[in-house]
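Student: mmCIF, C-alpha atoms, file input28.cif:
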data_structure
#
loop_
_atom_site.label_atom_id
_atom_site.label_comp_id
_atom_site.auth_asym_id
_atom_site.auth_seq_id
_atom_site.Cartn_x
_atom_site.Cartn_y
_atom_site.Cartn_z
CA MET A 1 -15.08 -24.96 -9.30
CA GLU A 2 -14.99 -28.74 -9.45
CA GLY A 3 -12.61 -31.32 -10.90
CA SER A 4 -10.05 -33.93 -9.95
CA PHE A 5 -6.34 -34.07 -9.08
CA ILE A 6 -3.68 -36.72 -8.77
CA LEU A 7 -1.78 -37.20 -5.50
CA GLY A 8 0.64 -40.12 -5.37
CA ASP A 9 -1.05 -42.76 -7.52
CA GLN A 10 -4.58 -41.84 -6.42
CA GLU A 11 -7.13 -39.62 -8.14
CA TYR A 12 -9.35 -37.45 -5.95
CA LYS A 13 -12.43 -35.45 -6.90
CA PHE A 14 -12.47 -31.95 -5.41
CA ILE A 15 -14.64 -28.90 -5.02
CA ILE A 16 -13.27 -25.39 -4.43
CA LYS A 17 -15.37 -23.11 -2.25
CA ASN A 18 -14.49 -19.98 -0.24
CA ASP A 19 -10.72 -20.34 -0.84
CA HIS A 20 -10.82 -23.96 0.38
CA VAL A 21 -10.33 -27.18 -1.56
CA ILE A 22 -12.43 -30.06 -0.23
CA PHE A 23 -12.06 -33.76 -1.15
CA ASN A 24 -12.69 -37.22 0.29
CA VAL A 25 -10.13 -39.87 1.23
CA SER A 26 -10.45 -43.49 2.30
CA ASN A 27 -10.66 -44.61 5.94
CA GLU A 28 -7.08 -45.91 5.76
CA GLU A 29 -5.77 -42.56 4.51
CA VAL A 30 -7.36 -40.42 7.24
CA MET A 31 -4.80 -41.45 9.88
CA SER A 32 -1.90 -40.80 7.50
CA TRP A 33 -3.22 -37.28 6.86
CA ARG A 34 -3.51 -36.64 10.61
CA ILE A 35 0.03 -37.85 11.35
CA PHE A 36 1.52 -35.90 8.43
CA ALA A 37 -0.35 -32.74 9.44
CA GLU A 38 0.70 -32.90 13.11
CA LYS A 39 4.31 -33.55 12.14
CA ASN A 40 4.35 -30.41 9.95
CA SER A 41 2.31 -28.19 12.34
CA TYR A 42 -0.62 -28.51 9.92
CA ARG A 43 1.38 -26.79 7.20
CA MET A 44 0.44 -28.38 3.86
CA GLU A 45 2.44 -26.78 1.04
CA LEU A 46 1.29 -29.02 -1.79
CA LYS A 47 1.02 -28.55 -5.57
CA LEU A 48 -1.98 -30.61 -6.61
CA ARG A 49 -2.10 -31.20 -10.39
CA GLY A 50 -5.30 -32.14 -12.13
CA LYS A 51 -8.09 -30.80 -14.31
CA THR A 52 -11.38 -28.97 -13.96
CA SER A 53 -14.77 -30.42 -14.87
CA GLU A 54 -14.49 -28.38 -18.12
CA GLY A 55 -11.24 -30.18 -18.99
CA TYR A 56 -8.78 -27.34 -18.26
CA LYS A 57 -5.44 -28.27 -16.67
CA ILE A 58 -5.16 -27.01 -13.10
CA ILE A 59 -2.56 -26.60 -10.35
CA ILE A 60 -3.78 -26.03 -6.78
CA ILE A 61 -1.21 -24.63 -4.33
CA THR A 62 -2.29 -25.25 -0.73
CA ASP A 63 -1.04 -23.87 2.57
CA PHE A 64 -2.70 -25.42 5.68
CA LEU A 65 -4.80 -28.41 6.67
CA LEU A 66 -7.94 -26.77 8.03
CA LYS A 67 -10.19 -29.69 8.90
CA ILE A 68 -10.60 -33.44 8.84
CA ALA A 69 -14.27 -34.39 9.22
CA LYS A 70 -14.75 -38.14 8.92
CA ASN A 71 -13.32 -38.84 5.45
CA GLU A 72 -13.45 -35.25 4.23
CA ILE A 73 -10.23 -33.21 3.99
CA THR A 74 -10.31 -29.40 3.81
CA LEU A 75 -7.14 -27.55 2.79
CA GLY A 76 -6.56 -23.82 2.59
CA ILE A 77 -5.67 -22.49 -0.85
CA GLU A 78 -2.77 -20.18 -1.59
CA ALA A 79 -3.60 -19.99 -5.31
CA VAL A 80 -5.19 -21.91 -8.16
CA PHE A 81 -3.62 -21.78 -11.64
CA VAL A 82 -5.77 -22.76 -14.63
CA PHE A 83 -4.32 -23.42 -18.11
CA TYR A 84 -6.39 -23.31 -21.29
CA GLY A 85 -4.06 -25.80 -22.98
CA LYS A 86 -1.17 -27.86 -21.66
CA VAL A 87 0.73 -26.79 -18.55
CA ALA A 88 3.54 -24.74 -20.07
CA PRO A 89 6.41 -22.63 -18.65
CA ILE A 90 5.09 -19.22 -17.51
CA LYS A 91 6.84 -16.15 -18.90
CA GLY A 92 4.85 -13.53 -17.03
CA ILE A 93 1.42 -12.19 -16.14
CA CYS A 94 -1.17 -9.87 -17.63
CA ILE A 95 -3.51 -8.11 -15.22
CA LYS A 96 -6.59 -7.17 -17.19
CA LEU A 97 -8.60 -4.29 -15.72
CA ASP A 98 -11.89 -5.64 -17.04
CA ASP A 99 -13.38 -9.07 -17.72
CA ASN A 100 -12.62 -9.38 -21.44
CA PRO A 101 -10.58 -12.57 -21.91
CA ILE A 102 -7.11 -12.41 -23.42
CA LEU A 103 -5.95 -15.60 -25.14
CA LYS A 104 -2.71 -16.59 -26.85
CA LEU A 105 -0.97 -13.28 -26.19
CA ASP A 106 2.38 -13.49 -28.01
CA THR A 107 5.03 -12.44 -25.49
CA ASN A 108 7.52 -11.83 -28.31
CA THR A 109 5.44 -9.01 -29.83
CA ILE A 110 4.91 -7.02 -26.63
CA LYS A 111 6.97 -3.83 -26.41
CA THR A 112 8.30 -3.85 -22.87
CA ILE A 113 10.30 -1.57 -20.59
CA VAL A 114 12.96 -3.04 -18.32
CA ILE A 115 12.72 -2.29 -14.59
CA PRO A 116 16.28 -1.36 -13.46
CA ASN A 117 18.37 -3.98 -11.63
CA SER A 118 15.78 -6.70 -12.12
CA GLU A 119 14.80 -9.44 -14.54
CA ILE A 120 11.36 -7.91 -15.00
CA GLU A 121 9.95 -6.01 -17.97
CA PHE A 122 6.55 -4.35 -18.07
CA SER A 123 4.13 -2.96 -20.61
CA ILE A 124 0.77 -1.23 -20.40
CA GLU A 125 -1.68 -1.57 -23.29
CA HIS A 126 -5.39 -2.08 -23.88
CA ASN A 127 -6.41 -1.75 -20.21
CA SER A 128 -3.79 -4.37 -19.34
CA ILE A 129 -0.63 -4.30 -17.25
CA ILE A 130 1.85 -6.91 -18.48
CA LEU A 131 4.90 -8.11 -16.56
CA ILE A 132 7.35 -10.48 -18.25
CA THR A 133 10.37 -12.22 -16.74
CA GLN A 134 13.56 -12.89 -18.70
CA CYS A 135 13.45 -16.57 -17.72
CA GLU A 136 10.86 -19.17 -16.75
CA ALA A 137 9.01 -18.02 -13.63
CA THR A 138 8.19 -20.24 -10.67
CA TYR A 139 4.70 -20.14 -9.17
CA GLU A 140 6.08 -18.18 -6.22
CA GLN A 141 7.56 -15.59 -8.61
CA ILE A 142 4.23 -15.33 -10.44
CA MET A 143 2.53 -14.53 -7.15
CA SER A 144 5.22 -11.91 -6.40
CA LEU A 145 4.67 -10.31 -9.82
CA SER A 146 0.92 -10.25 -9.20
CA TYR A 147 1.32 -8.55 -5.84
CA LEU A 148 3.78 -6.07 -7.38
CA VAL A 149 1.19 -4.91 -9.92
CA ILE A 150 -1.59 -4.86 -7.32
CA ASN A 151 0.53 -2.77 -4.94
CA VAL A 152 1.30 -0.29 -7.70
CA LEU A 153 -2.44 0.03 -8.40
CA ARG A 154 -3.20 0.38 -4.67
CA PHE A 155 -0.64 3.17 -4.45
CA ILE A 156 -1.99 4.98 -7.51
CA LEU A 157 -5.57 4.85 -6.19
CA GLN A 158 -4.71 5.23 -2.48
CA CYS A 159 -7.09 2.45 -1.47
CA ASP A 160 -7.05 -1.35 -1.33
CA GLU A 161 -10.10 -1.94 -3.51
CA ILE A 162 -8.72 -1.50 -7.02
CA GLY A 163 -11.82 -2.61 -8.93
CA ARG A 164 -12.57 -5.52 -11.25
CA PHE A 165 -9.52 -7.31 -12.63
CA LYS A 166 -8.18 -10.72 -13.59
CA VAL A 167 -4.65 -12.13 -13.53
CA TYR A 168 -3.76 -14.02 -16.74
CA LEU A 169 -0.72 -16.29 -17.20
CA LEU A 170 1.52 -15.72 -20.21
CA THR A 171 3.15 -18.68 -21.95
CA ASP A 172 4.58 -19.28 -25.43
CA THR A 173 1.56 -21.38 -26.42
CA GLU A 174 -1.81 -20.88 -24.75
CA ASN A 175 -2.59 -18.73 -21.75
CA GLY A 176 -4.30 -19.40 -18.46
CA TYR A 177 -5.28 -17.43 -15.38
CA ILE A 178 -5.20 -17.37 -11.59
CA ALA A 179 -8.65 -18.60 -10.61
CA HIS A 180 -8.43 -18.32 -6.82
CA CYS A 181 -6.06 -16.51 -4.49
CA LYS A 182 -7.20 -15.21 -1.12
CA GLY A 183 -4.29 -12.76 -1.02
CA ILE A 184 -5.44 -11.22 -4.32
CA ASN A 185 -9.21 -11.55 -3.91
CA LYS A 186 -9.38 -9.00 -1.10
CA TYR A 187 -8.38 -6.26 -3.56
CA TYR A 188 -11.10 -7.21 -6.04
CA THR A 189 -14.51 -5.51 -6.39
CA ASP A 190 -17.39 -6.38 -8.69
CA GLU A 191 -17.34 -2.99 -10.41
CA ALA A 192 -14.57 -1.69 -12.63
CA ASN A 193 -12.69 1.32 -11.22
CA LEU A 194 -13.25 4.08 -13.76
CA MET A 195 -10.51 6.23 -12.25
CA LEU A 196 -7.72 3.69 -12.74
CA ASN A 197 -7.07 4.08 -16.46
CA SER A 198 -6.94 7.88 -16.26
CA GLU A 199 -4.47 7.76 -13.36
CA ILE A 200 -2.24 5.22 -15.12
CA SER A 201 -2.21 7.45 -18.21
CA ARG A 202 -1.40 10.49 -16.09
CA LEU A 203 1.58 8.72 -14.47
CA ASN A 204 2.69 6.88 -17.61
CA SER A 205 6.12 8.56 -17.86
CA ASN A 206 6.90 7.71 -14.20
CA LEU A 207 5.75 4.08 -14.09
CA VAL A 208 9.32 2.75 -14.34
CA GLU A 209 10.26 4.60 -11.15
CA ILE A 210 7.03 3.55 -9.42
CA PHE A 211 7.47 -0.13 -10.30
CA ASP A 212 11.15 -0.04 -9.34
CA LEU A 213 10.55 1.58 -5.93
CA MET A 214 7.62 -0.73 -5.26
CA ARG A 215 9.73 -3.77 -6.20
CA GLN A 216 12.34 -2.61 -3.67
CA ARG A 217 9.59 -2.01 -1.09
CA LYS A 218 10.46 1.67 -0.80
CA ILE A 219 6.86 2.91 -0.92
CA TYR A 220 4.86 2.56 2.29
CA LEU A 221 1.29 1.26 1.83
CA ALA A 222 0.05 0.05 5.23
CA HIS A 223 -1.70 3.35 6.00
CA ILE A 224 -3.99 3.56 2.97
CA SER A 225 -7.74 2.96 3.43
CA HIS A 226 -9.47 -0.26 2.43
CA ASN A 227 -11.93 1.74 0.35
CA LYS A 228 -12.85 5.34 -0.40
CA LYS A 229 -15.73 5.28 2.10
CA GLN A 230 -13.47 4.44 5.06
CA ASN A 231 -12.99 7.85 6.69
CA ALA A 232 -13.01 7.21 10.45
CA ILE A 233 -9.78 8.10 12.27
CA THR A 234 -9.14 5.53 15.00
CA PRO A 235 -6.06 5.36 17.26
CA GLY A 236 -4.74 2.51 15.09
CA CYS A 237 -5.35 4.48 11.90
CA PHE A 238 -3.66 7.54 13.42
CA LEU A 239 -0.56 5.55 14.41
CA THR A 240 -0.35 3.85 11.01
CA ILE A 241 -0.36 7.20 9.21
CA MET A 242 2.32 8.52 11.58
CA ALA A 243 4.36 5.36 10.94
CA ALA A 244 4.03 6.03 7.19
CA PHE A 245 5.33 9.55 7.70
CA GLU A 246 8.35 8.41 9.73
CA TRP A 247 9.09 5.61 7.24
CA GLU A 248 8.95 7.97 4.25
CA TYR A 249 10.93 10.62 6.14
CA ARG A 250 13.98 8.35 6.07
CA SER A 251 14.19 8.75 2.30
CA LEU A 252 14.31 12.55 2.58
CA ASP A 253 17.45 14.55 3.28
CA PHE A 254 16.99 17.00 6.13
CA SER A 255 20.46 16.69 7.61
CA ASN A 256 20.92 20.47 7.50
CA THR A 257 17.55 21.43 8.94
CA THR A 258 16.73 18.93 11.67
CA GLY A 259 17.98 19.92 15.10
CA LYS A 260 20.50 17.56 16.65
CA GLN A 261 20.47 19.01 20.18
CA PRO A 262 17.53 16.94 21.53
CA GLU A 263 19.21 13.69 20.43
CA ILE A 264 22.49 14.75 22.06
CA GLU A 265 20.67 15.46 25.33
CA LYS A 266 18.88 12.13 25.07
CA GLU A 267 22.20 10.27 24.68
CA ILE A 268 23.58 12.03 27.77
CA LEU A 269 20.55 10.94 29.81
CA LEU A 270 20.86 7.35 28.57
CA GLU A 271 24.52 7.26 29.61
CA VAL A 272 23.60 8.50 33.10
CA ILE A 273 20.87 5.84 33.41
CA ASP A 274 23.34 3.14 32.26
CA LYS A 275 25.67 4.10 35.11
CA LEU A 276 22.78 3.98 37.62
CA ILE A 277 21.79 0.53 36.34
CA LYS A 278 25.33 -0.76 37.01
CA LYS A 279 25.43 0.78 40.53
CA THR A 280 22.00 -0.34 41.75
CA SER A 281 20.25 -3.66 42.34
CA GLY A 282 16.80 -5.05 43.07
CA LYS A 283 13.78 -2.87 42.37
CA SER A 284 15.86 0.24 41.71
CA LYS A 285 17.82 -1.53 38.99
CA LYS A 286 14.55 -2.77 37.47
CA HIS A 287 13.07 0.74 37.52
CA PHE A 288 16.11 2.31 35.88
CA LYS A 289 15.99 -0.31 33.11
CA LEU A 290 12.32 0.58 32.53
CA TYR A 291 13.18 4.32 32.37
CA LYS A 292 15.90 3.56 29.83
CA LYS A 293 13.48 1.59 27.68
CA ILE A 294 10.85 4.38 27.79
CA LEU A 295 13.40 7.08 26.97
CA GLY A 296 14.87 4.98 24.18
CA ASN A 297 11.47 4.68 22.51
CA ILE A 298 10.84 8.43 22.55
CA ASP A 299 11.62 10.26 19.31
CA LEU A 300 12.43 13.79 20.50
CA ASN A 301 12.80 15.01 16.95
CA LEU A 302 9.37 13.99 15.62
CA CYS A 303 8.01 17.51 15.94
CA GLU A 304 11.07 18.94 14.17
CA LYS A 305 10.78 16.34 11.41
CA LEU A 306 7.17 17.32 10.80
CA LYS A 307 8.04 21.02 10.67
CA SER A 308 10.89 20.49 8.21
CA VAL A 309 8.66 18.43 5.88
CA PHE A 310 5.87 21.01 6.12
CA GLU A 311 8.36 23.69 5.07
CA LYS A 312 9.78 21.64 2.22
CA TYR A 313 6.33 20.88 0.76
CA GLU A 314 4.72 24.19 1.66
CA ASN A 315 3.54 24.91 -1.91
CA TYR A 316 1.62 21.62 -1.96
CA LEU A 317 0.51 21.74 1.66
CA ASN A 318 -0.87 25.27 1.91
CA PRO A 319 -3.96 24.77 -0.31
CA ILE A 320 -4.78 21.40 1.34
CA ALA A 321 -4.46 22.71 4.90
CA LYS A 322 -6.29 25.96 4.16
CA GLN A 323 -9.30 24.13 2.76
CA ARG A 324 -9.43 21.72 5.70
CA PHE A 325 -9.02 24.35 8.42
CA TYR A 326 -10.75 27.38 6.92
CA LEU A 327 -13.88 25.34 6.19
CA ASN A 328 -14.01 24.79 9.96
CA ASN A 329 -13.23 28.48 10.70
CA ILE A 330 -9.88 27.56 12.23
CA GLU A 331 -6.59 29.33 11.69
CA PHE A 332 -3.71 26.95 11.11
CA LYS A 333 0.03 27.15 11.68
CA TYR A 334 2.55 24.49 10.71
CA THR A 335 4.23 24.65 14.12
CA ASP A 336 0.92 24.00 15.88
CA MET A 337 0.11 21.12 13.51
CA ALA A 338 3.48 19.51 14.15
CA GLU A 339 3.18 19.83 17.94
CA ARG A 340 -0.36 18.43 18.00
CA LEU A 341 0.54 15.46 15.80
CA ALA A 342 3.68 14.61 17.81
CA SER A 343 1.81 14.92 21.12
CA GLN A 344 -1.18 12.85 20.00
CA ARG A 345 1.05 10.20 18.46
CA ASN A 346 2.96 9.80 21.74
CA ASN A 347 -0.29 9.54 23.72
CA PHE A 348 -1.60 6.78 21.48
CA ALA A 349 1.75 4.99 21.19
CA HIS A 350 2.26 4.82 24.96
CA GLY A 351 -1.29 3.75 25.73
CA ASN A 352 -2.42 7.05 27.26
CA LEU A 353 -5.95 6.63 25.91
CA ASP A 354 -7.43 8.28 29.00
CA LYS A 355 -6.05 11.66 27.90
CA PRO A 356 -8.58 13.78 25.96
CA LEU A 357 -8.24 13.70 22.17
CA ASP A 358 -7.30 17.02 20.60
CA VAL A 359 -9.99 17.24 17.91
CA LEU A 360 -7.73 19.41 15.75
CA SER A 361 -5.30 16.51 15.49
CA VAL A 362 -7.96 14.68 13.42
CA LEU A 363 -7.77 17.47 10.84
CA ASP A 364 -3.97 17.38 11.14
CA ILE A 365 -3.73 13.64 10.43
CA GLU A 366 -6.05 13.91 7.41
CA VAL A 367 -3.78 16.63 5.99
CA LEU A 368 -0.67 14.56 6.76
CA LYS A 369 -2.12 11.49 5.00
CA ARG A 370 -2.59 13.56 1.84
CA LEU A 371 0.89 15.01 2.15
CA ILE A 372 2.42 11.51 2.37
CA TYR A 373 0.92 10.71 -1.06
CA ILE A 374 2.52 13.86 -2.45
CA ILE A 375 5.88 12.98 -0.87
CA GLN A 376 5.72 9.51 -2.45
CA LEU A 377 4.86 10.88 -5.90
CA ASP A 378 7.71 13.36 -5.57
CA LYS A 379 10.04 10.46 -4.68
CA CYS A 380 8.91 8.81 -7.94
CA ARG A 381 10.06 11.97 -9.79
CA VAL A 382 6.56 12.94 -10.89
CA ASP A 383 6.24 16.45 -12.35
CA PRO A 384 4.82 18.96 -9.80
CA GLU A 385 1.81 19.83 -11.94
CA ILE A 386 1.02 16.13 -12.46
CA ILE A 387 1.33 15.59 -8.70
CA LYS A 388 -1.33 18.25 -8.17
CA SER A 389 -3.55 16.73 -10.84
CA CYS A 390 -3.18 13.21 -9.37
CA PHE A 391 -3.96 14.49 -5.90
CA GLU A 392 -7.13 16.26 -6.96
CA ASN A 393 -8.38 13.27 -8.93
CA VAL A 394 -7.60 10.63 -6.30
CA PHE A 395 -8.88 12.56 -3.26
CA GLY A 396 -11.64 14.43 -5.10
CA GLU A 397 -10.46 17.81 -3.82
CA ASP A 398 -9.88 20.59 -6.36
CA VAL A 399 -7.68 22.61 -4.01
CA TYR A 400 -5.03 23.53 -6.60
CA ARG A 401 -7.46 24.47 -9.38
CA ARG A 402 -9.41 26.58 -6.90
CA GLU A 403 -6.23 28.29 -5.71
CA ALA A 404 -5.21 29.02 -9.33
CA THR A 405 -8.68 30.43 -10.07
CA ASP A 406 -8.63 32.65 -6.96
CA GLU A 407 -5.15 33.91 -7.88
CA TYR A 408 -6.25 34.62 -11.47
CA ILE A 409 -9.31 36.57 -10.28
CA SER A 410 -7.18 38.51 -7.81
CA LYS A 411 -4.62 39.47 -10.48
CA THR A 412 -7.35 40.42 -12.96
CA LEU A 413 -9.03 42.69 -10.41
CA ASP A 414 -5.71 44.29 -9.51
CA ALA A 415 -4.92 44.92 -13.17
CA TYR A 416 -8.36 46.48 -13.69
CA LEU A 417 -8.33 48.60 -10.56
CA SER A 418 -4.71 49.74 -10.86
CA VAL A 419 -5.85 52.31 -13.40
CA ARG A 420 -8.03 53.82 -10.68
CA GLY A 421 -5.27 53.59 -8.11
CA GLY A 422 -4.48 50.87 -5.56
CA SER A 423 -5.32 47.17 -5.47
CA HIS A 424 -8.75 45.71 -4.86
CA ILE A 425 -7.61 44.59 -1.41
CA GLU A 426 -6.59 48.15 -0.53
CA GLN A 427 -9.91 49.51 -1.81
CA ILE A 428 -11.86 46.95 0.19
CA THR A 429 -9.79 47.84 3.27
CA GLU A 430 -10.52 51.53 2.79
CA ARG A 431 -14.24 50.81 2.70
#
Written as structure tokens, that's how I'd like the structure from this file.
Tutor:
Amino acid sequence: MEGSFILGDQEYKFIIKNDHVIFNVSNEEVMSWRIFAEKNSYRMELKLRGKTSEGYKIIIITDFLLKIAKNEITLGIEAVFVFYGKVAPIKGICIKLDDNPILKLDTNTIKTIVIPNSEIEFSIEHNSIILITQCEATYEQIMSLSYLVINVLRFILQCDEIGRFKVYLLTDTENGYIAHCKGINKYYTDEANLMLNSEISRLNSNLVEIFDLMRQRKIYLAHISHNKKQNAITPGCFLTIMAAFEWEYRSLDFSNTTGKQPEIEKEILLEVIDKLIKKTSGKSKKHFKLYKKILGNIDLNLCEKLKSVFEKYENYLNPIAKQRFYLNNIEFKYTDMAERLASQRNNFAHGNLDKPLDVLSVLDIEVLKRLIYIIQLDKCRVDPEIIKSCFENVFGEDVYRREATDEYISKTLDAYLSVRGGSHIEQITER
């Protein structure tokens, strides 16, 4: 993209390439740029207003001064806003899930749903997700709205790459779009994601809850894969999934099932160590402080937390775990899974990388990652059958349909064989 912008009373020609805006200044201006940059730790939060070579109005929001090479200035770009007509107040955004342009969308005719306790309304129509504010939005708010929609789509798909999309700006006159944004571009792929529309339709009745929880940052996303092909379990990946579990666990109520005794014992030990710290000095005092820090970082209830969640979501978890473990000819127990996960998490967290990796914990963490998605959908009040359908579609595992088919076949055989006495299992056993 090329064009020109006005800064002060000077006009500068620019070129945008690789999320950078590059332009030339005079010899006299170079020193001023250097002094200004050093004074602000090279932070350059500017709003450069101008036009593209096609004549569209443009606003470039920059973040840092990256380079001064002779007379050439290179700034990092936060975002670039392009307007088809005049620069008008922005009422909202429309994220289009394909490349078909959307012009002059009348914000007054869109049927919207209000997100609770916010000034945001949303609508989904014609492969588009529309967010509208009840007042004029700042550029920072527009970016927040864009990330809100993108995070919802990342959650629905359980990966960062959400497909081909474009962020359009909604005004009362003519629309525009976000042309460049490095924070948004990393979620873009050249191909449209064919799964997205079906998943949005499947979760349509729960989108208010999903948007609301995402707006409040109550849905953890750091553990999801960058793309569907990213399957390797590294120590960092393992810890991130465990962090997601512990973060989501806080929203669940297990006050009656989680044992309190380990925490009581831990508090007693910490009190004893505090007394020893006060009584000692030198190296001993230093050692006791280190012991206190190590003990304070240990979550003695992690294993119990895992067990209680496994029990709560047993109906969802059984088919997933059975498929994973039985395919590898391994018998699984929830207690063993919980102990392996807690032990492996502590080894990784405390840097004990020299200890051998329990290979079963890799199966455990893959099961736990899938369970976290189910927990999050349940938190969004999604119907149990829709949760199962979403899971199978997103992860490509027909564990629930297969279980239902096996159960149907089993019941049909029992009904048929009951006339001849005993169930098919009993007859097989007798043979």
Student: Quick one: of A:Trp247, A:Phe165, A:Tyr42, A:Phe81, who's nearest to Ile58 (chain A), counting all atoms listed in the file?
Tutor: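 Looking at the shortest contact to Ile58 (chain A), the residue is A:Phe81.
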Student: Which residues match the PyMOL selection byres ((chain A and resi 152) around 12) in the file above, as a compact mmCIF listing (two decimals) with C-alpha atoms, keeping the file's coordinate frame?
Tutor:
# COMPACT_ATOMS: atom_id res chain seq x y z
CA ILE A 95 -3.51 -8.11 -15.22
CA ILE A 129 -0.63 -4.30 -17.25
CA LEU A 145 4.67 -10.31 -9.82
CA SER A 146 0.92 -10.25 -9.20
CA TYR A 147 1.32 -8.55 -5.84
CA LEU A 148 3.78 -6.07 -7.38
CA VAL A 149 1.19 -4.91 -9.92
CA ILE A 150 -1.59 -4.86 -7.32
CA ASN A 151 0.53 -2.77 -4.94
CA LEU A 153 -2.44 0.03 -8.40
CA ARG A 154 -3.20 0.38 -4.67
CA PHE A 155 -0.64 3.17 -4.45
CA ILE A 156 -1.99 4.98 -7.51
CA LEU A 157 -5.57 4.85 -6.19
CA GLN A 158 -4.71 5.23 -2.48
CA CYS A 159 -7.09 2.45 -1.47
CA ASP A 160 -7.05 -1.35 -1.33
CA ILE A 162 -8.72 -1.50 -7.02
CA LEU A 196 -7.72 3.69 -12.74
CA GLU A 199 -4.47 7.76 -13.36
CA ILE A 200 -2.24 5.22 -15.12
CA LEU A 203 1.58 8.72 -14.47
CA ASN A 206 6.90 7.71 -14.20
CA LEU A 207 5.75 4.08 -14.09
CA VAL A 208 9.32 2.75 -14.34
CA GLU A 209 10.26 4.60 -11.15
CA ILE A 210 7.03 3.55 -9.42
CA PHE A 211 7.47 -0.13 -10.30
CA ASP A 212 11.15 -0.04 -9.34
CA LEU A 213 10.55 1.58 -5.93
CA MET A 214 7.62 -0.73 -5.26
CA ARG A 215 9.73 -3.77 -6.20
CA GLN A 216 12.34 -2.61 -3.67
CA ARG A 217 9.59 -2.01 -1.09
CA LYS A 218 10.46 1.67 -0.80
CA ILE A 219 6.86 2.91 -0.92
CA TYR A 220 4.86 2.56 2.29
CA LEU A 221 1.29 1.26 1.83
CA GLN A 376 5.72 9.51 -2.45
CA LEU A 377 4.86 10.88 -5.90
CA CYS A 380 8.91 8.81 -7.94
Student: Compare A:Asn231, A:Thr335, A:Ser201, A:Ser281 by their minimum atom-to-atom distance to Ile124 (chain A), counting all atoms listed in the file, and give me the closest one.
Tutor: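 Closest to Ile124 (chain A), using all atoms listed in the file: A:Ser201.
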Student: Could you expand the PyMOL selection byres ((chain A and resi 140) around 12) into the explicit residues it covers here, written as a PyMOL selection string?
Tutor: chain A and resi 45+47+61+78-79+81+90+92+136-139+141-147
Student: Which one of A:Ala342, A:Ala232, A:Val82, A:Ser205 sits closest to Ile386 (chain A) if you count all atoms listed in the file?
Tutor: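 Selected residue with least distance to Ile386 (chain A): A:Ser205.
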Student: Please evaluate the PyMOL selection byres ((chain A and resi 243) around 12) against the displayed coordinates and give the resulting residues as a VMD selection string.
Tutor: chain A and resid 220 to 224 236 to 242 244 to 250 302 341 to 342 345 to 346 349 365 368 to 369 372
Student: Mind listing whatever residues come within 10 Å of the point (-13.4, -30.9, -2.3)? Use all atoms listed in the file, file coordinates, and give them as a PyMOL selection string.
Tutor: chain A and resi 1-4+12-17+20-24+72-75
